[in-house]
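J.: Right, I'll just put the structure down here and ask away after.
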Amino acid sequence: MNELRYKELETKFKVCYPDIDNATYISPVNYSDDLSISKQRWYRYKEGFSVKLVEDLIKKYSSSKNGIILDPFLGSGTTIIGSNVCGFDGIGFEVNPFTNFLASTKIKNYPSNFSEQFIDKVNKILGSNLEMVEEYPLPNLSFAHKVFDDDIRKSFMKIRTLINKETGDIKNLLLLGWLSSLEELSNYRKGGNGLKFKKSIRHKSFDVVDTLKKKYLNIYEDLKTDTSHVQIFNNSIIKDSSLNLCNYVEKESIVGAIFSPPYANCFDYTEIYKLELWFGEFVQNREEVKNLRNFALRSNLNYKSINHVHSTKEIDIFIDDMDESLWDKRIPNMLRGYFDDMFTVIDNLKIVLKTGGFCCIVVGNSTYGGVVVPTDLLLADYAKNNGFIVDCVDVYRYIIPSSQQYEKTKCMRKYIRESVVCLIKK
């Protein structure tokens, strides 16, 4: 790939590079920094950014002290949490039913005495004689019987039976803690674009109650602390695609937007969160999974639609330079569909943002066929030509491509990165 193309594209913008030249996971755009923070620790979310990043972006770009912050790809709810800390209300869109549940449970306003009700129920359930409890049925997932060792499965699914007898917010929090323990106790872990079988020594049956107790104590402690001093804010989560954003959000009503869309990396989130979707009963059959895939942003290879609203000529320049090492012939169409959807999201944001409103997009670039796809620059370029000022493309960290692409793209390593594209509506 001719480096001049990258340089010509990059010279259109102010690009801020990090001080650290090496790839790193330590960055505000990485969720792992938040694993000890209230509510963020309720579930180890694989993707996402930190609450501090949200706070920093609001302080830098918002000209007002209140209003509504929008996240078109809400995920675990970080944008709303960070917005609330800064005194803003939040609106989020999330199509994945598990992550929608996760975010909704985290940002709900619980009454001041709720923490004690919750821990009383936790103690009752975890102190139950499980020998007397019927085991909850496994989901209709082809490998469900392989997910746990037998002794773990029995205890874990019996506790699920007790959880299912509860109602309302108590049930939701108990279920969230249960789902948060699922990967830790199972024979599978999240890895790449899906699940991988664990090769290490797995938990014994007596660890089930102990693992759940730790998760529930985190929730209890955060509930007890938060309800004593946190201001109540007006938040809403919409279970629909952000491609339909304008059907729900009023024109020029949004102060700012902060979000991280799925990257153009072929990851299928119905595979990555397969255990949570099936064991949490958010999907019941393969047809529901298929519909969910087709409803999401076209960032993976399993979507159905190949229709395009926008021109793909800017993306085709990079696609045409890819060599024959593409591991799937559907990748070019995935990239065209991805940018078509992302351009539609930017169009929608232009409509709902106030004049002078800001938009910060956390995004990672990808590599295919020996070519780096500069997603950050392509999104900035589209926004620049469609009603936005590009304040900067802030490079937060470099990332390492797959081993297959490493040698082919190492001369372009400065473009293999995660960035925040910072826009202001004219």
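Ligands are numbered from 1 in the order shown, chains are lettered A, B, ... in the order of the structure tokens, and residues start at 1 in each chain.
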Residues of stretch 91-336 of chain A in strand (DSSP E) according to DSSP, as a short mmCIF file (atom, residue, chain, number, x, y, z; two decimals) with C-alpha atoms, in the first residue's frame?
T.:
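The file below, selection18.cif, is the result:
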```cif
data_model
loop_
_atom_site.label_atom_id
_atom_site.label_comp_id
_atom_site.auth_asym_id
_atom_site.auth_seq_id
_atom_site.Cartn_x
_atom_site.Cartn_y
_atom_site.Cartn_z
CA ILE A 91 -29.58 8.51 26.05
CA GLY A 92 -28.19 5.24 24.71
CA PHE A 93 -29.03 2.84 21.89
CA TYR A 188 -14.76 -21.50 27.95
CA ARG A 189 -13.28 -18.02 27.79
CA LYS A 190 -13.72 -15.12 25.39
CA LEU A 195 -15.11 -18.54 22.64
CA LYS A 196 -12.08 -20.74 23.28
CA PHE A 197 -11.88 -23.86 25.41
CA ASN A 235 -31.52 8.30 31.55
CA SER A 236 -33.08 6.21 28.82
CA ILE A 237 -31.88 3.19 26.88
CA ILE A 238 -33.52 2.42 23.55
CA ILE A 254 -28.24 16.75 22.01
CA VAL A 255 -25.27 18.54 23.59
CA GLY A 256 -22.75 15.87 22.66
CA ALA A 257 -22.20 12.28 21.60
CA ILE A 258 -19.50 9.95 22.93
CA PHE A 259 -19.34 6.40 21.67
#
```
J.: Which neighbours of A:Glu183 fall inside 12 Å, counting only C-alpha atoms, when residues of the same chain fewer than 5 positions from it are skipped, and could you give them as a PyMOL selection string?
T.: chain A and resi 43-46+147-148+156+177-178+188-191+195-198+202-203+208+211-212+272-276+279
J.: When you count only C-alpha atoms, which of these residues is closest to A:Leu301: A:Phe318, A:Gly77, A:Asp328, A:Glu287?
T.: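 Between A:Phe318, A:Gly77, A:Asp328, A:Glu287, the residue approaching A:Leu301 most closely is A:Asp328.
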J.: Can you pull out every residue within 9 Å of A:Leu245, counting only C-alpha atoms, but drop anything in the same chain fewer than 4 positions away, and send it as an NGL selection string?
T.: :A and (72 or 93 or 240-241 or 249 or 345 or 348-349 or 352)
J.: Take the selection from the previous step and output its residues with N, CA and C atoms, as a PDB file, in the first residue's frame.
T.:
```pdb
ATOM      1  N   PRO A  72     -24.768   6.172  20.672  1.00  0.00           N
ATOM      2  CA  PRO A  72     -25.492   5.323  19.714  1.00  0.00           C
ATOM      3  C   PRO A  72     -25.150   3.837  19.822  1.00  0.00           C
ATOM      4  N   PHE A  93     -28.420   3.838  22.766  1.00  0.00           N
ATOM      5  CA  PHE A  93     -29.029   2.836  21.890  1.00  0.00           C
ATOM      6  C   PHE A  93     -28.207   1.559  21.997  1.00  0.00           C
ATOM      7  N   ASP A 240     -32.941  -0.403  20.032  1.00  0.00           N
ATOM      8  CA  ASP A 240     -33.092  -0.280  18.582  1.00  0.00           C
ATOM      9  C   ASP A 240     -31.748   0.125  18.002  1.00  0.00           C
ATOM     10  N   SER A 241     -31.611   0.002  16.699  1.00  0.00           N
ATOM     11  CA  SER A 241     -30.382   0.376  16.022  1.00  0.00           C
ATOM     12  C   SER A 241     -30.248   1.890  15.959  1.00  0.00           C
ATOM     13  N   VAL A 249     -35.021  10.597  18.815  1.00  0.00           N
ATOM     14  CA  VAL A 249     -34.349  11.767  19.383  1.00  0.00           C
ATOM     15  C   VAL A 249     -34.735  13.016  18.600  1.00  0.00           C
ATOM     16  N   VAL A 345     -24.832   6.811  10.568  1.00  0.00           N
ATOM     17  CA  VAL A 345     -24.838   7.243  11.968  1.00  0.00           C
ATOM     18  C   VAL A 345     -24.359   8.691  12.079  1.00  0.00           C
ATOM     19  N   ASN A 348     -27.072  10.977  11.008  1.00  0.00           N
ATOM     20  CA  ASN A 348     -28.092  11.085  12.055  1.00  0.00           C
ATOM     21  C   ASN A 348     -27.638  12.008  13.188  1.00  0.00           C
ATOM     22  N   LEU A 349     -26.361  11.906  13.546  1.00  0.00           N
ATOM     23  CA  LEU A 349     -25.828  12.756  14.611  1.00  0.00           C
ATOM     24  C   LEU A 349     -25.852  14.229  14.210  1.00  0.00           C
ATOM     25  N   VAL A 352     -29.404  15.480  15.073  1.00  0.00           N
ATOM     26  CA  VAL A 352     -29.854  15.589  16.464  1.00  0.00           C
ATOM     27  C   VAL A 352     -28.947  16.461  17.330  1.00  0.00           C
TER      28      VAL A 352
END
```
J.: Taking the DSSP assignment computed from this structure's backbone, write out as a ChimeraX atom specification all residues of stretch 71-241 of chain A that belong to alpha helix (DSSP H).
T.: /A:78-85,97-107,114-126,150-164,168-185,207-229
J.: Mind giving me the straight-line distance from atom CA of A:Ser155 to atom CA of A:Leu223 in Å, one decimal?
T.: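 Taking atom CA of A:Ser155 and atom CA of A:Leu223, their separation equals 26.4 Å.
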J.: Determine the nearest neighbour of A:Gln284 from the options A:Ser260, A:Asn113, A:Ser38, A:Asn140, counting only C-alpha atoms.
T.: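 For A:Gln284, the nearest of the candidates is A:Asn140.
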J.: Can you pull out the residues contacting A:Lys354? Cut-off 12 Å, using only C-alpha atoms, and skip same-chain residues under 2 positions away; I want them as a PDB file with C-alpha atoms, in the first residue's frame.
T.:
```pdb
ATOM      1  CA  SER A  62     -19.104  20.829  26.205  1.00  0.00           C
ATOM      2  CA  SER A  63     -19.905  24.535  26.312  1.00  0.00           C
ATOM      3  CA  SER A  64     -22.804  23.930  28.724  1.00  0.00           C
ATOM      4  CA  GLY A  67     -28.043  18.716  28.798  1.00  0.00           C
ATOM      5  CA  ILE A  68     -28.165  15.319  27.096  1.00  0.00           C
ATOM      6  CA  ILE A  69     -25.201  13.181  26.047  1.00  0.00           C
ATOM      7  CA  LEU A  70     -25.924  10.476  23.460  1.00  0.00           C
ATOM      8  CA  VAL A 249     -34.349  11.767  19.383  1.00  0.00           C
ATOM      9  CA  GLU A 250     -35.527  15.300  18.675  1.00  0.00           C
ATOM     10  CA  LYS A 251     -33.713  17.455  16.149  1.00  0.00           C
ATOM     11  CA  GLU A 252     -30.931  19.595  17.659  1.00  0.00           C
ATOM     12  CA  SER A 253     -31.607  18.349  21.204  1.00  0.00           C
ATOM     13  CA  ILE A 254     -28.237  16.750  22.008  1.00  0.00           C
ATOM     14  CA  VAL A 255     -25.274  18.542  23.587  1.00  0.00           C
ATOM     15  CA  GLY A 256     -22.747  15.874  22.662  1.00  0.00           C
ATOM     16  CA  ALA A 257     -22.197  12.283  21.596  1.00  0.00           C
ATOM     17  CA  LEU A 349     -25.828  12.756  14.611  1.00  0.00           C
ATOM     18  CA  LYS A 350     -25.668  15.867  12.473  1.00  0.00           C
ATOM     19  CA  ILE A 351     -29.471  16.100  12.702  1.00  0.00           C
ATOM     20  CA  VAL A 352     -29.854  15.589  16.464  1.00  0.00           C
ATOM     21  CA  GLY A 356     -21.684  23.666  18.268  1.00  0.00           C
ATOM     22  CA  GLY A 357     -22.398  20.235  19.768  1.00  0.00           C
ATOM     23  CA  PHE A 358     -19.558  17.757  19.885  1.00  0.00           C
ATOM     24  CA  CYS A 359     -19.116  14.161  18.791  1.00  0.00           C
ATOM     25  CA  GLY A 387     -21.295  19.404   8.332  1.00  0.00           C
ATOM     26  CA  PHE A 388     -18.623  18.833  10.984  1.00  0.00           C
ATOM     27  CA  ILE A 424     -17.878  19.696  16.314  1.00  0.00           C
ATOM     28  CA  LYS A 425     -21.116  20.385  14.449  1.00  0.00           C
ATOM     29  CA  LYS A 426     -20.975  23.580  12.380  1.00  0.00           C
TER      30      LYS A 426
END
```
J.: For A:Tyr406, find every residue with an atom within 12 Å (counting only C-alpha atoms), except residues of its own chain fewer than 3 positions away, and show them as a list of chain:residue names.
T.: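 Those residues are A:Ser366, A:Thr367, A:Tyr368, A:Gly369, A:Gly370, A:Val371, A:Val372, A:Ile399, A:Ile400, A:Pro401, A:Ser402, A:Ser403, A:Thr409, A:Lys410, A:Cys411, A:Met412, A:Arg413, A:Ile416.
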J.: Next, write the just-selected residues to a file, as an mmCIF file, in the first residue's frame, keeping N, CA and C atoms as the atom set.
T.:
```cif
data_model
loop_
_atom_site.group_PDB
_atom_site.id
_atom_site.type_symbol
_atom_site.label_atom_id
_atom_site.label_comp_id
_atom_site.auth_asym_id
_atom_site.auth_seq_id
_atom_site.Cartn_x
_atom_site.Cartn_y
_atom_site.Cartn_z
ATOM 1 N N SER A 366 -8.088 -1.350 11.317
ATOM 2 C CA SER A 366 -7.963 -2.792 11.105
ATOM 3 C C SER A 366 -7.034 -3.083 9.935
ATOM 4 N N THR A 367 -6.617 -4.331 9.815
ATOM 5 C CA THR A 367 -5.698 -4.727 8.739
ATOM 6 C C THR A 367 -6.238 -5.953 8.008
ATOM 7 N N TYR A 368 -6.197 -5.879 6.694
ATOM 8 C CA TYR A 368 -6.613 -7.003 5.841
ATOM 9 C C TYR A 368 -5.754 -7.026 4.580
ATOM 10 N N GLY A 369 -5.308 -8.205 4.193
ATOM 11 C CA GLY A 369 -4.600 -8.359 2.921
ATOM 12 C C GLY A 369 -3.401 -7.447 2.778
ATOM 13 N N GLY A 370 -2.685 -7.220 3.896
ATOM 14 C CA GLY A 370 -1.500 -6.383 3.840
ATOM 15 C C GLY A 370 -1.789 -4.897 3.816
ATOM 16 N N VAL A 371 -3.029 -4.509 4.074
ATOM 17 C CA VAL A 371 -3.432 -3.099 4.023
ATOM 18 C C VAL A 371 -4.034 -2.690 5.367
ATOM 19 N N VAL A 372 -3.639 -1.530 5.855
ATOM 20 C CA VAL A 372 -4.263 -0.952 7.040
ATOM 21 C C VAL A 372 -5.471 -0.136 6.596
ATOM 22 N N ILE A 399 -1.904 -0.658 18.432
ATOM 23 C CA ILE A 399 -2.341 -2.037 18.653
ATOM 24 C C ILE A 399 -1.549 -2.980 17.752
ATOM 25 N N ILE A 400 -1.572 -4.243 18.082
ATOM 26 C CA ILE A 400 -0.823 -5.246 17.336
ATOM 27 C C ILE A 400 -1.780 -6.013 16.425
ATOM 28 N N PRO A 401 -1.507 -6.083 15.139
ATOM 29 C CA PRO A 401 -2.386 -6.831 14.233
ATOM 30 C C PRO A 401 -2.192 -8.327 14.400
ATOM 31 N N SER A 402 -2.962 -9.104 13.689
ATOM 32 C CA SER A 402 -2.821 -10.560 13.732
ATOM 33 C C SER A 402 -1.438 -10.955 13.224
ATOM 34 N N SER A 403 -1.000 -12.134 13.613
ATOM 35 C CA SER A 403 0.328 -12.601 13.199
ATOM 36 C C SER A 403 0.439 -12.688 11.678
ATOM 37 N N THR A 409 2.398 -5.405 7.371
ATOM 38 C CA THR A 409 1.963 -4.042 7.686
ATOM 39 C C THR A 409 2.883 -3.315 8.658
ATOM 40 N N LYS A 410 4.016 -3.914 9.024
ATOM 41 C CA LYS A 410 4.856 -3.302 10.062
ATOM 42 C C LYS A 410 5.417 -1.944 9.642
ATOM 43 N N CYS A 411 5.562 -1.695 8.349
ATOM 44 C CA CYS A 411 6.039 -0.393 7.902
ATOM 45 C C CYS A 411 4.955 0.678 8.047
ATOM 46 N N MET A 412 3.724 0.241 8.283
ATOM 47 C CA MET A 412 2.600 1.168 8.449
ATOM 48 C C MET A 412 2.081 1.155 9.886
ATOM 49 N N ARG A 413 2.930 0.772 10.822
ATOM 50 C CA ARG A 413 2.492 0.518 12.190
ATOM 51 C C ARG A 413 1.882 1.755 12.867
ATOM 52 N N ILE A 416 -1.824 1.608 12.710
ATOM 53 C CA ILE A 416 -2.520 0.503 13.364
ATOM 54 C C ILE A 416 -2.754 0.921 14.810
#
```
J.: Taking into account only C-alpha atoms, which residue in the set A:Asn307, A:Ser76, A:Thr105, A:Asn129 is nearest to A:Gln40?
T.: A:Ser76
J.: If we count only C-alpha atoms, what is near A:Lys215 at a cut-off of 10 Å, once residues fewer than 2 positions away on the same chain are taken out, given as a list in words?
T.: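 Result of the neighbour search: Arg41, Trp42, Tyr43, Leu174, Leu176, Gly177, Trp178, Leu179, Ser180, Ser181, Asp210, Thr211, Leu212, Lys213, Leu217, Asn218, Ile219 and Tyr220 of chain A.
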J.: Which one is closest to A:Asp222: A:Leu326, A:Ile159, A:Val15, A:Ile119? Count only C-alpha atoms.
T.: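 Ranked by minimum distance to A:Asp222, first place goes to A:Ile119.
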J.: So the first atom is atom CA of A:Leu4 and the second is atom CA of A:Tyr415; what is the distance between them in Å, to one decimal place?
T.: 12.5 Å
J.: Given the choices A:Cys422, A:Val133, A:Val289, A:Leu185, which gets closest to A:Ile163 if the distance is worked out from only C-alpha atoms?
T.: A:Val133
